[in-house]
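Source file: data.cif (mmCIF, C-alpha atoms, pLDDT in the B column; chains and numbers go by the auth columns)
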data_model
loop_
_atom_site.group_PDB
_atom_site.id
_atom_site.type_symbol
_atom_site.label_atom_id
_atom_site.label_comp_id
_atom_site.label_asym_id
_atom_site.label_seq_id
_atom_site.Cartn_x
_atom_site.Cartn_y
_atom_site.Cartn_z
_atom_site.B_iso_or_equiv
_atom_site.auth_seq_id
_atom_site.auth_asym_id
ATOM 1 C CA MET A 1 244.201 185.737 197.556 51.00 725 A
ATOM 2 C CA GLU A 2 244.741 189.307 196.415 57.00 726 A
ATOM 3 C CA LYS A 3 244.116 189.810 192.714 73.00 727 A
ATOM 4 C CA LEU A 4 246.997 190.919 190.507 91.00 728 A
ATOM 5 C CA THR A 5 246.102 194.177 188.815 96.00 729 A
ATOM 6 C CA LEU A 6 247.424 196.788 186.427 97.00 730 A
ATOM 7 C CA ARG A 7 246.331 200.402 186.050 97.00 731 A
ATOM 8 C CA ILE A 8 245.007 200.584 182.517 97.00 732 A
ATOM 9 C CA SER A 9 244.386 203.722 180.494 97.00 733 A
ATOM 10 C CA GLU A 10 242.646 201.884 177.647 97.00 734 A
ATOM 11 C CA ILE A 11 242.362 198.620 175.744 97.00 735 A
ATOM 12 C CA PHE A 12 241.409 198.893 172.095 96.00 736 A
ATOM 13 C CA TYR A 13 241.567 197.124 168.735 96.00 737 A
ATOM 14 C CA SER A 14 243.200 198.876 165.804 94.00 738 A
ATOM 15 C CA ILE A 15 245.775 198.672 163.037 94.00 739 A
ATOM 16 C CA GLN A 16 249.375 198.579 164.221 94.00 740 A
ATOM 17 C CA GLY A 17 250.915 201.778 162.905 91.00 741 A
ATOM 18 C CA GLU A 18 254.566 201.206 163.777 91.00 742 A
ATOM 19 C CA SER A 19 257.336 198.592 164.059 93.00 743 A
ATOM 20 C CA SER A 20 257.905 195.529 161.877 93.00 744 A
ATOM 21 C CA ARG A 21 254.285 194.521 162.571 95.00 745 A
ATOM 22 C CA SER A 22 252.884 197.671 160.983 93.00 746 A
ATOM 23 C CA GLY A 23 249.563 197.033 159.259 94.00 747 A
ATOM 24 C CA TRP A 24 248.446 194.053 161.364 96.00 748 A
ATOM 25 C CA PRO A 25 245.139 194.176 163.282 97.00 749 A
ATOM 26 C CA THR A 26 246.312 194.428 166.893 97.00 750 A
ATOM 27 C CA VAL A 27 244.941 194.718 170.411 98.00 751 A
ATOM 28 C CA PHE A 28 246.591 197.586 172.288 97.00 752 A
ATOM 29 C CA VAL A 29 246.863 197.560 176.068 98.00 753 A
ATOM 30 C CA ARG A 30 247.851 201.036 177.204 98.00 754 A
ATOM 31 C CA LEU A 31 249.095 201.249 180.788 98.00 755 A
ATOM 32 C CA THR A 32 248.772 204.414 182.841 97.00 756 A
ATOM 33 C CA GLY A 33 251.806 206.378 183.997 96.00 757 A
ATOM 34 C CA CYS A 34 255.219 207.382 182.688 96.00 758 A
ATOM 35 C CA PRO A 35 258.355 208.755 184.404 94.00 759 A
ATOM 36 C CA LEU A 36 259.363 210.668 181.258 96.00 760 A
ATOM 37 C CA ARG A 37 257.984 213.839 179.699 95.00 761 A
ATOM 38 C CA CYS A 38 259.175 213.821 176.090 95.00 762 A
ATOM 39 C CA THR A 39 258.440 217.061 174.259 95.00 763 A
ATOM 40 C CA TYR A 40 256.820 215.249 171.329 93.00 764 A
ATOM 41 C CA CYS A 41 254.698 212.794 173.351 91.00 765 A
ATOM 42 C CA ASP A 42 251.333 212.080 171.724 87.00 766 A
ATOM 43 C CA THR A 43 249.911 209.978 174.571 88.00 767 A
ATOM 44 C CA THR A 44 249.862 212.487 177.429 91.00 768 A
ATOM 45 C CA HIS A 45 246.332 211.322 178.261 91.00 769 A
ATOM 46 C CA ALA A 46 247.937 208.166 179.691 91.00 770 A
ATOM 47 C CA PHE A 47 250.054 209.996 182.288 94.00 771 A
ATOM 48 C CA LYS A 48 247.236 209.903 184.846 94.00 772 A
ATOM 49 C CA GLY A 49 243.866 208.346 185.453 94.00 773 A
ATOM 50 C CA GLY A 50 242.952 204.926 184.166 95.00 774 A
ATOM 51 C CA LYS A 51 241.418 202.077 186.162 96.00 775 A
ATOM 52 C CA ASN A 52 242.850 199.153 188.076 97.00 776 A
ATOM 53 C CA ARG A 53 242.007 195.953 186.228 97.00 777 A
ATOM 54 C CA ASP A 54 242.638 192.341 187.137 97.00 778 A
ATOM 55 C CA ILE A 55 245.181 190.667 184.849 97.00 779 A
ATOM 56 C CA ASP A 56 242.852 187.767 184.054 96.00 780 A
ATOM 57 C CA ASP A 57 240.095 190.238 183.124 97.00 781 A
ATOM 58 C CA ILE A 58 242.540 192.053 180.837 98.00 782 A
ATOM 59 C CA ILE A 59 243.365 188.776 179.112 98.00 783 A
ATOM 60 C CA ASP A 60 239.661 187.982 178.687 97.00 784 A
ATOM 61 C CA LYS A 61 239.171 191.375 177.035 97.00 785 A
ATOM 62 C CA ILE A 62 242.110 190.768 174.687 98.00 786 A
ATOM 63 C CA SER A 63 240.874 187.283 173.810 97.00 787 A
ATOM 64 C CA ALA A 64 237.530 188.682 172.615 97.00 788 A
ATOM 65 C CA PHE A 65 239.270 190.145 169.561 96.00 789 A
ATOM 66 C CA LYS A 66 240.153 187.837 166.694 90.00 790 A
ATOM 67 C CA THR A 67 243.874 188.540 166.344 97.00 791 A
ATOM 68 C CA PRO A 68 247.037 186.997 167.790 98.00 792 A
ATOM 69 C CA TYR A 69 248.821 190.379 167.896 98.00 793 A
ATOM 70 C CA VAL A 70 248.968 192.294 171.174 98.00 794 A
ATOM 71 C CA THR A 71 250.952 195.466 171.866 98.00 795 A
ATOM 72 C CA VAL A 72 251.593 196.547 175.452 98.00 796 A
ATOM 73 C CA THR A 73 252.249 200.270 175.488 97.00 797 A
ATOM 74 C CA GLY A 74 251.904 203.411 177.596 95.00 798 A
ATOM 75 C CA GLY A 75 252.873 205.702 179.066 92.00 799 A
ATOM 76 C CA GLU A 76 255.751 203.497 180.113 97.00 800 A
ATOM 77 C CA PRO A 77 254.451 199.943 180.654 97.00 801 A
ATOM 78 C CA LEU A 78 257.467 198.698 182.632 98.00 802 A
ATOM 79 C CA ALA A 79 256.803 201.287 185.348 97.00 803 A
ATOM 80 C CA GLN A 80 254.192 198.791 186.594 97.00 804 A
ATOM 81 C CA PRO A 81 255.929 195.556 187.709 93.00 805 A
ATOM 82 C CA ASN A 82 252.890 193.363 186.973 97.00 806 A
ATOM 83 C CA CYS A 83 253.262 194.284 183.292 97.00 807 A
ATOM 84 C CA ARG A 84 255.900 191.552 182.993 97.00 808 A
ATOM 85 C CA LEU A 85 253.492 188.950 184.332 97.00 809 A
ATOM 86 C CA LEU A 86 250.763 190.043 181.912 98.00 810 A
ATOM 87 C CA MET A 87 253.124 189.652 178.950 98.00 811 A
ATOM 88 C CA LYS A 88 254.301 186.223 180.130 98.00 812 A
ATOM 89 C CA LYS A 89 250.732 184.994 180.486 98.00 813 A
ATOM 90 C CA LEU A 90 249.850 186.294 177.028 98.00 814 A
ATOM 91 C CA CYS A 91 252.869 184.537 175.511 98.00 815 A
ATOM 92 C CA ASP A 92 251.916 181.310 177.302 98.00 816 A
ATOM 93 C CA LEU A 93 248.503 181.545 175.621 98.00 817 A
ATOM 94 C CA GLY A 94 250.105 181.872 172.187 98.00 818 A
ATOM 95 C CA PHE A 95 249.676 185.589 171.597 98.00 819 A
ATOM 96 C CA LEU A 96 252.366 187.454 169.613 98.00 820 A
ATOM 97 C CA VAL A 97 253.241 190.176 172.082 98.00 821 A
ATOM 98 C CA SER A 98 255.193 193.366 171.478 98.00 822 A
ATOM 99 C CA LEU A 99 256.281 195.891 174.096 98.00 823 A
ATOM 100 C CA GLU A 100 256.708 199.595 173.398 98.00 824 A
ATOM 101 C CA THR A 101 259.133 200.978 175.990 97.00 825 A
ATOM 102 C CA SER A 102 261.049 204.214 176.421 95.00 826 A
ATOM 103 C CA GLY A 103 264.228 202.324 177.241 91.00 827 A
ATOM 104 C CA ALA A 104 264.522 204.185 180.520 96.00 828 A
ATOM 105 C CA LEU A 105 263.714 201.083 182.602 97.00 829 A
ATOM 106 C CA ASP A 106 265.490 197.721 182.772 97.00 830 A
ATOM 107 C CA ILE A 107 264.246 195.130 180.259 98.00 831 A
ATOM 108 C CA LYS A 108 266.187 192.154 181.627 96.00 832 A
ATOM 109 C CA ASP A 109 263.117 190.468 183.170 96.00 833 A
ATOM 110 C CA VAL A 110 260.917 190.798 180.077 98.00 834 A
ATOM 111 C CA ASP A 111 259.890 187.407 178.679 98.00 835 A
ATOM 112 C CA LYS A 112 262.193 186.513 175.779 98.00 836 A
ATOM 113 C CA ARG A 113 259.183 185.724 173.579 98.00 837 A
ATOM 114 C CA VAL A 114 258.122 189.381 173.665 98.00 838 A
ATOM 115 C CA MET A 115 259.233 191.579 170.761 98.00 839 A
ATOM 116 C CA ILE A 116 260.673 194.738 172.308 98.00 840 A
ATOM 117 C CA VAL A 117 260.477 198.090 170.520 98.00 841 A
ATOM 118 C CA LEU A 118 262.883 200.289 172.474 98.00 842 A
ATOM 119 C CA ASP A 119 262.779 204.045 171.935 97.00 843 A
ATOM 120 C CA LEU A 120 266.219 205.616 172.351 97.00 844 A
ATOM 121 C CA LYS A 121 265.529 209.231 173.225 97.00 845 A
ATOM 122 C CA THR A 122 266.957 211.813 170.811 97.00 846 A
ATOM 123 C CA PRO A 123 268.007 215.381 171.749 97.00 847 A
ATOM 124 C CA SER A 124 264.664 217.000 170.870 96.00 848 A
ATOM 125 C CA SER A 125 262.891 214.762 173.391 97.00 849 A
ATOM 126 C CA CYS A 126 264.708 216.591 176.237 96.00 850 A
ATOM 127 C CA GLU A 127 264.894 213.185 177.956 96.00 851 A
ATOM 128 C CA MET A 128 268.156 211.860 176.519 95.00 852 A
ATOM 129 C CA ASP A 129 269.647 211.488 179.982 95.00 853 A
ATOM 130 C CA LYS A 130 267.046 208.790 180.723 96.00 854 A
ATOM 131 C CA ASN A 131 268.437 206.389 178.083 97.00 855 A
ATOM 132 C CA LEU A 132 269.485 203.208 179.894 97.00 856 A
ATOM 133 C CA LEU A 133 272.262 202.027 177.603 96.00 857 A
ATOM 134 C CA SER A 134 272.719 198.826 179.597 97.00 858 A
ATOM 135 C CA ASN A 135 269.522 197.656 177.874 97.00 859 A
ATOM 136 C CA ILE A 136 271.238 197.466 174.488 97.00 860 A
ATOM 137 C CA PRO A 137 273.142 194.176 175.062 96.00 861 A
ATOM 138 C CA LEU A 138 269.879 192.613 176.267 97.00 862 A
ATOM 139 C CA LEU A 139 268.100 193.137 172.955 98.00 863 A
ATOM 140 C CA LYS A 140 267.405 190.160 170.664 97.00 864 A
ATOM 141 C CA PRO A 141 267.737 190.142 166.849 96.00 865 A
ATOM 142 C CA SER A 142 263.918 190.099 166.694 96.00 866 A
ATOM 143 C CA ASP A 143 263.667 193.355 168.687 98.00 867 A
ATOM 144 C CA GLN A 144 263.807 196.904 167.334 98.00 868 A
ATOM 145 C CA ILE A 145 265.346 200.212 168.355 98.00 869 A
ATOM 146 C CA LYS A 146 263.357 203.304 167.407 98.00 870 A
ATOM 147 C CA PHE A 147 264.736 206.813 166.916 98.00 871 A
ATOM 148 C CA VAL A 148 262.130 209.588 166.846 97.00 872 A
ATOM 149 C CA ILE A 149 263.548 212.349 164.660 98.00 873 A
ATOM 150 C CA GLY A 150 262.514 216.000 164.780 97.00 874 A
ATOM 151 C CA ASP A 151 265.457 217.726 163.113 97.00 875 A
ATOM 152 C CA ARG A 152 268.938 217.253 161.696 98.00 876 A
ATOM 153 C CA GLN A 153 270.526 217.263 165.169 98.00 877 A
ATOM 154 C CA ASP A 154 268.364 214.269 166.149 98.00 878 A
ATOM 155 C CA PHE A 155 269.405 212.465 162.989 98.00 879 A
ATOM 156 C CA GLU A 156 273.113 213.093 163.458 98.00 880 A
ATOM 157 C CA TRP A 157 272.942 212.055 167.115 98.00 881 A
ATOM 158 C CA SER A 158 271.170 208.851 166.112 98.00 882 A
ATOM 159 C CA LYS A 159 273.753 208.105 163.454 97.00 883 A
ATOM 160 C CA GLU A 160 276.608 208.637 165.922 97.00 884 A
ATOM 161 C CA THR A 161 274.872 206.447 168.517 97.00 885 A
ATOM 162 C CA ILE A 162 274.366 203.642 166.004 97.00 886 A
ATOM 163 C CA ILE A 163 278.062 203.690 165.115 96.00 887 A
ATOM 164 C CA ALA A 164 279.284 204.041 168.703 96.00 888 A
ATOM 165 C CA HIS A 165 277.256 201.059 169.933 96.00 889 A
ATOM 166 C CA ASP A 166 277.333 198.986 166.724 96.00 890 A
ATOM 167 C CA LEU A 167 273.544 198.968 166.713 97.00 891 A
ATOM 168 C CA SER A 168 273.312 197.861 163.083 94.00 892 A
ATOM 169 C CA ASN A 169 274.463 194.439 164.245 93.00 893 A
ATOM 170 C CA CYS A 170 272.167 194.440 167.283 94.00 894 A
ATOM 171 C CA CYS A 171 268.645 194.447 165.878 96.00 895 A
ATOM 172 C CA GLU A 172 266.428 196.266 163.390 97.00 896 A
ATOM 173 C CA LEU A 173 266.612 200.078 163.512 98.00 897 A
ATOM 174 C CA LEU A 174 263.612 202.327 162.912 98.00 898 A
ATOM 175 C CA PHE A 175 263.647 206.043 162.082 98.00 899 A
ATOM 176 C CA SER A 176 260.347 207.817 162.683 96.00 900 A
ATOM 177 C CA PRO A 177 259.721 211.510 161.898 96.00 901 A
ATOM 178 C CA ILE A 178 257.869 213.559 164.512 95.00 902 A
ATOM 179 C CA TRP A 179 254.382 214.022 163.087 89.00 903 A
ATOM 180 C CA GLY A 180 253.852 217.610 161.907 88.00 904 A
ATOM 181 C CA THR A 181 257.452 218.622 162.628 90.00 905 A
ATOM 182 C CA LEU A 182 259.613 216.792 160.088 95.00 906 A
ATOM 183 C CA SER A 183 258.358 215.549 156.745 95.00 907 A
ATOM 184 C CA PRO A 184 258.858 211.851 155.936 96.00 908 A
ATOM 185 C CA ALA A 185 260.367 212.911 152.598 97.00 909 A
ATOM 186 C CA GLU A 186 263.097 214.947 154.317 97.00 910 A
ATOM 187 C CA LEU A 187 263.957 212.116 156.693 98.00 911 A
ATOM 188 C CA ALA A 188 263.938 209.658 153.799 97.00 912 A
ATOM 189 C CA LYS A 189 266.513 211.799 151.965 98.00 913 A
ATOM 190 C CA TRP A 190 268.798 211.923 155.022 98.00 914 A
ATOM 191 C CA LEU A 191 268.482 208.178 155.460 97.00 915 A
ATOM 192 C CA LEU A 192 269.272 207.464 151.809 97.00 916 A
ATOM 193 C CA ASP A 193 272.284 209.782 151.844 97.00 917 A
ATOM 194 C CA SER A 194 273.614 208.300 155.087 96.00 918 A
ATOM 195 C CA GLY A 195 273.788 204.686 153.946 94.00 919 A
ATOM 196 C CA LEU A 196 272.539 203.580 157.356 95.00 920 A
ATOM 197 C CA LYS A 197 271.060 200.111 157.651 94.00 921 A
ATOM 198 C CA ALA A 198 267.750 201.362 159.027 95.00 922 A
ATOM 199 C CA ARG A 199 264.067 201.430 158.148 96.00 923 A
ATOM 200 C CA LEU A 200 262.002 204.592 157.680 97.00 924 A
ATOM 201 C CA GLN A 201 258.627 204.277 159.367 94.00 925 A
ATOM 202 C CA VAL A 202 255.669 206.614 159.407 90.00 926 A
ATOM 203 C CA GLN A 203 252.802 206.462 161.871 81.00 927 A
ATOM 204 C CA LEU A 204 250.401 204.535 159.664 82.00 928 A
ATOM 205 C CA HIS A 205 247.508 204.907 162.102 77.00 929 A
ATOM 206 C CA LYS A 206 247.679 208.705 161.804 78.00 930 A
ATOM 207 C CA ILE A 207 247.651 208.470 158.021 81.00 931 A
ATOM 208 C CA ILE A 208 244.547 206.274 158.188 81.00 932 A
ATOM 209 C CA TRP A 209 242.546 208.074 160.882 77.00 933 A
ATOM 210 C CA GLY A 210 244.193 211.460 161.405 75.00 934 A
ATOM 211 C CA GLU A 211 246.692 212.899 163.819 71.00 935 A
ATOM 212 C CA ASN A 212 244.386 212.934 166.842 66.00 936 A
ATOM 213 C CA THR A 213 243.804 209.200 166.850 62.00 937 A
ATOM 214 C CA ARG A 214 245.156 207.371 169.906 55.00 938 A
ATOM 215 C CA ARG A 215 246.560 204.623 167.710 57.00 939 A
#

Just give me the structure of the file as structure tokens.
Amino acid sequence: MEKLTLRISEIFYSIQGESSRSGWPTVFVRLTGCPLRCTYCDTTHAFKGGKNRDIDDIIDKISAFKTPYVTVTGGEPLAQPNCRLLMKKLCDLGFLVSLETSGALDIKDVDKRVMIVLDLKTPSSCEMDKNLLSNIPLLKPSDQIKFVIGDRQDFEWSKETIIAHDLSNCCELLFSPIWGTLSPAELAKWLLDSGLKARLQVQLHKIIWGENTRR
């Protein structure tokens, strides 16, 4: 029988720097490849390369770390169909799995036990046309929508999108400033003035280890 594999850029153990699980020791499984080219991407090393790894071997590697938290990320993880099987198997084993996705690919077949962090692309990404808005009704209350903010235009677009799609009643909303472009203090002021029901998040891992860390 042919082994089921995924092309993996890296598997590593670190502190979760984003989402509602920020601060938890987490195993990160970074898949290779992404159909998007966001201007602010900080994981361009995952666009190419990597190695094909058997799913069971990936799970063995994850299990060697003493944490229930696993984040499947990229690149764009859902670009590899076997990603869904990996997440299902991890959930079956009792791991608390989160998926970081661009929102450009359909999430309907993602195991419902997986916490989805969906990144709606803002104007400064130059990939706004890739937003698959049909994903929004598929999100669970336990999921999150992330807006990466580089300037006031990004913020205003995000605010309009939240209102237009009633996202405040969909799931938790995260506003993240682009590292080195917009200060957290400036974004915090906009968020406070707006009255939006959203959480400001900073990339905790970069605060801990510096901006060049991979997580």

Exercise. Could you tell me which residues the PyMOL selection byres ((chain A and resi 850) around 10) grabs in this file, written as a list in words?
Key: Leu760, Arg761, Cys762, Thr763, Tyr764, Lys845, Thr846, Pro847, Ser848, Ser849, Glu851, Met852, Asp853 and Lys854 of chain A

Quiz prompt | Hits from the PyMOL selection byres ((chain A and resi 825) around 12), listed as a PyMOL selection string | solution = chain A and resi 754-755+758-760+795-804+807+822-824+826-831+834+838-845+855-856+859+867-870

Quiz prompt | Among listed residues A:Lys864, A:Lys883, A:Arg777, A:Lys913, nearest A:Asp835 (using only C-alpha atoms) | solution =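 For A:Asp835, the nearest of the candidates is A:Lys864.
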
Self-check item: Shell around A:Leu920 at 10 Å using all atoms listed in the file, local window under 6 positions removed, as a ChimeraX atom specification
Solution: /A:883,886-887,892,897,914

Quiz item: Hey, can you check how far atom CA of A:Asp780 sits from atom CA of A:Asp833?
Solution: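 So the answer is 20.5 Å.
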
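The nearest approach to A:Lys921 among the residues A:Leu891, A:Pro901, A:Gly934, A:Thr756, with only C-alpha atoms taken into account, belongs to A:Leu891.
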
Quiz prompt | Atom-to-atom span, atom CA of A:Lys772 and atom CA of A:Ile931, Å | solution =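 Interatomic distance here is 26.9 Å.
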
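One distance worth recording is that between atom CA of A:Phe752 and atom CA of A:Met811, which is 12.2 Å.
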
What lies within 10 Å of A:Phe899 using only C-alpha atoms, ignoring chain neighbours under 3 positions off, as an mmCIF file with C-alpha atoms, in the frame of the given file?
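Output below, filename result.cif:
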data_model
loop_
_atom_site.group_PDB
_atom_site.id
_atom_site.type_symbol
_atom_site.label_atom_id
_atom_site.label_comp_id
_atom_site.auth_asym_id
_atom_site.auth_seq_id
_atom_site.Cartn_x
_atom_site.Cartn_y
_atom_site.Cartn_z
ATOM 1 C CA SER A 743 257.336 198.592 164.059
ATOM 2 C CA ILE A 869 265.346 200.212 168.355
ATOM 3 C CA LYS A 870 263.357 203.304 167.407
ATOM 4 C CA PHE A 871 264.736 206.813 166.916
ATOM 5 C CA VAL A 872 262.130 209.588 166.846
ATOM 6 C CA ILE A 873 263.548 212.349 164.660
ATOM 7 C CA PHE A 879 269.405 212.465 162.989
ATOM 8 C CA SER A 882 271.170 208.851 166.112
ATOM 9 C CA ILE A 902 257.869 213.559 164.512
ATOM 10 C CA PRO A 908 258.858 211.851 155.936
ATOM 11 C CA LEU A 911 263.957 212.116 156.693
ATOM 12 C CA ALA A 912 263.938 209.658 153.799
ATOM 13 C CA LEU A 915 268.482 208.178 155.460
ATOM 14 C CA ALA A 922 267.750 201.362 159.027
ATOM 15 C CA ARG A 923 264.067 201.430 158.148
ATOM 16 C CA LEU A 924 262.002 204.592 157.680
ATOM 17 C CA GLN A 925 258.627 204.277 159.367
ATOM 18 C CA VAL A 926 255.669 206.614 159.407
#

Exercise. Could you pull out every residue with an atom within 9 Å of (240.7, 188.8, 166.9), file coordinates, counting all atoms listed in the file, and send them as a list in words?
Key: Tyr737, Pro749, Thr750, Val751, Ile786, Ser787, Ala788, Phe789, Lys790, Thr791, Pro792 and Tyr793 of chain A

Practice problem: Find the residue from A:Pro861, A:Pro805, A:Gly747, A:Gly773 that sits nearest to A:Leu730; use only C-alpha atoms when measuring. | Solution: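 Using only C-alpha atoms, A:Leu730 sits closest to A:Pro805.
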
4 Å per side around stretch 838-849 of chain A: axis-aligned box centre and edge lengths, as JSON:
{"center_x": 263.1, "center_y": 203.2, "center_z": 172.1, "size_x": 17.9, "size_y": 35.6, "size_z": 11.1}

I need stretch 901-922 of chain A written out with N, CA and C atoms, as a tab-separated table (two decimals), in the first residue's frame; please produce it.
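See selection_35.tsv below for the written result:
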chain	number	residue	atom	x	y	z
A	901	PRO	N	-1.10	43.80	13.91
A	901	PRO	CA	-0.32	44.77	13.12
A	901	PRO	C	0.82	44.08	12.38
A	902	ILE	N	1.11	44.56	11.16
A	902	ILE	CA	2.26	44.03	10.43
A	902	ILE	C	3.53	44.45	11.17
A	903	TRP	N	4.33	43.46	11.52
A	903	TRP	CA	5.54	43.70	12.30
A	903	TRP	C	6.47	44.67	11.56
A	904	GLY	N	6.86	45.76	12.25
A	904	GLY	CA	7.79	46.72	11.68
A	904	GLY	C	7.15	47.74	10.76
A	905	THR	N	5.84	47.63	10.53
A	905	THR	CA	5.14	48.56	9.64
A	905	THR	C	4.16	49.43	10.41
A	906	LEU	N	3.38	48.82	11.29
A	906	LEU	CA	2.39	49.54	12.09
A	906	LEU	C	2.62	49.20	13.56
A	907	SER	N	2.68	50.22	14.39
A	907	SER	CA	2.92	49.96	15.81
A	907	SER	C	1.67	49.39	16.47
A	908	PRO	N	1.83	48.47	17.41
A	908	PRO	CA	0.68	47.95	18.15
A	908	PRO	C	-0.10	49.05	18.85
A	909	ALA	N	0.60	50.09	19.32
A	909	ALA	CA	-0.06	51.19	20.02
A	909	ALA	C	-1.03	51.93	19.09
A	910	GLU	N	-0.61	52.15	17.84
A	910	GLU	CA	-1.46	52.85	16.89
A	910	GLU	C	-2.70	52.02	16.58
A	911	LEU	N	-2.50	50.72	16.34
A	911	LEU	CA	-3.64	49.85	16.06
A	911	LEU	C	-4.56	49.75	17.27
A	912	ALA	N	-3.98	49.72	18.45
A	912	ALA	CA	-4.79	49.66	19.67
A	912	ALA	C	-5.69	50.89	19.78
A	913	LYS	N	-5.16	52.07	19.43
A	913	LYS	CA	-5.95	53.29	19.49
A	913	LYS	C	-7.12	53.22	18.51
A	914	TRP	N	-6.85	52.77	17.28
A	914	TRP	CA	-7.92	52.65	16.28
A	914	TRP	C	-9.00	51.68	16.77
A	915	LEU	N	-8.55	50.58	17.36
A	915	LEU	CA	-9.50	49.57	17.82
A	915	LEU	C	-10.36	50.11	18.96
A	916	LEU	N	-9.74	50.82	19.90
A	916	LEU	CA	-10.48	51.40	21.01
A	916	LEU	C	-11.49	52.44	20.52
A	917	ASP	N	-11.08	53.27	19.58
A	917	ASP	CA	-11.96	54.31	19.07
A	917	ASP	C	-13.12	53.73	18.25
A	918	SER	N	-12.89	52.58	17.64
A	918	SER	CA	-13.90	52.01	16.74
A	918	SER	C	-15.05	51.33	17.47
A	919	GLY	N	-14.79	50.84	18.67
A	919	GLY	CA	-15.81	50.10	19.40
A	919	GLY	C	-16.04	48.69	18.87
A	920	LEU	N	-15.17	48.23	17.98
A	920	LEU	CA	-15.32	46.90	17.42
A	920	LEU	C	-15.13	45.83	18.50
A	921	LYS	N	-15.87	44.76	18.36
A	921	LYS	CA	-15.74	43.61	19.25
A	921	LYS	C	-14.65	42.71	18.68
A	922	ALA	N	-13.39	43.08	18.94
A	922	ALA	CA	-12.26	42.38	18.36
A	922	ALA	C	-11.08	42.42	19.32
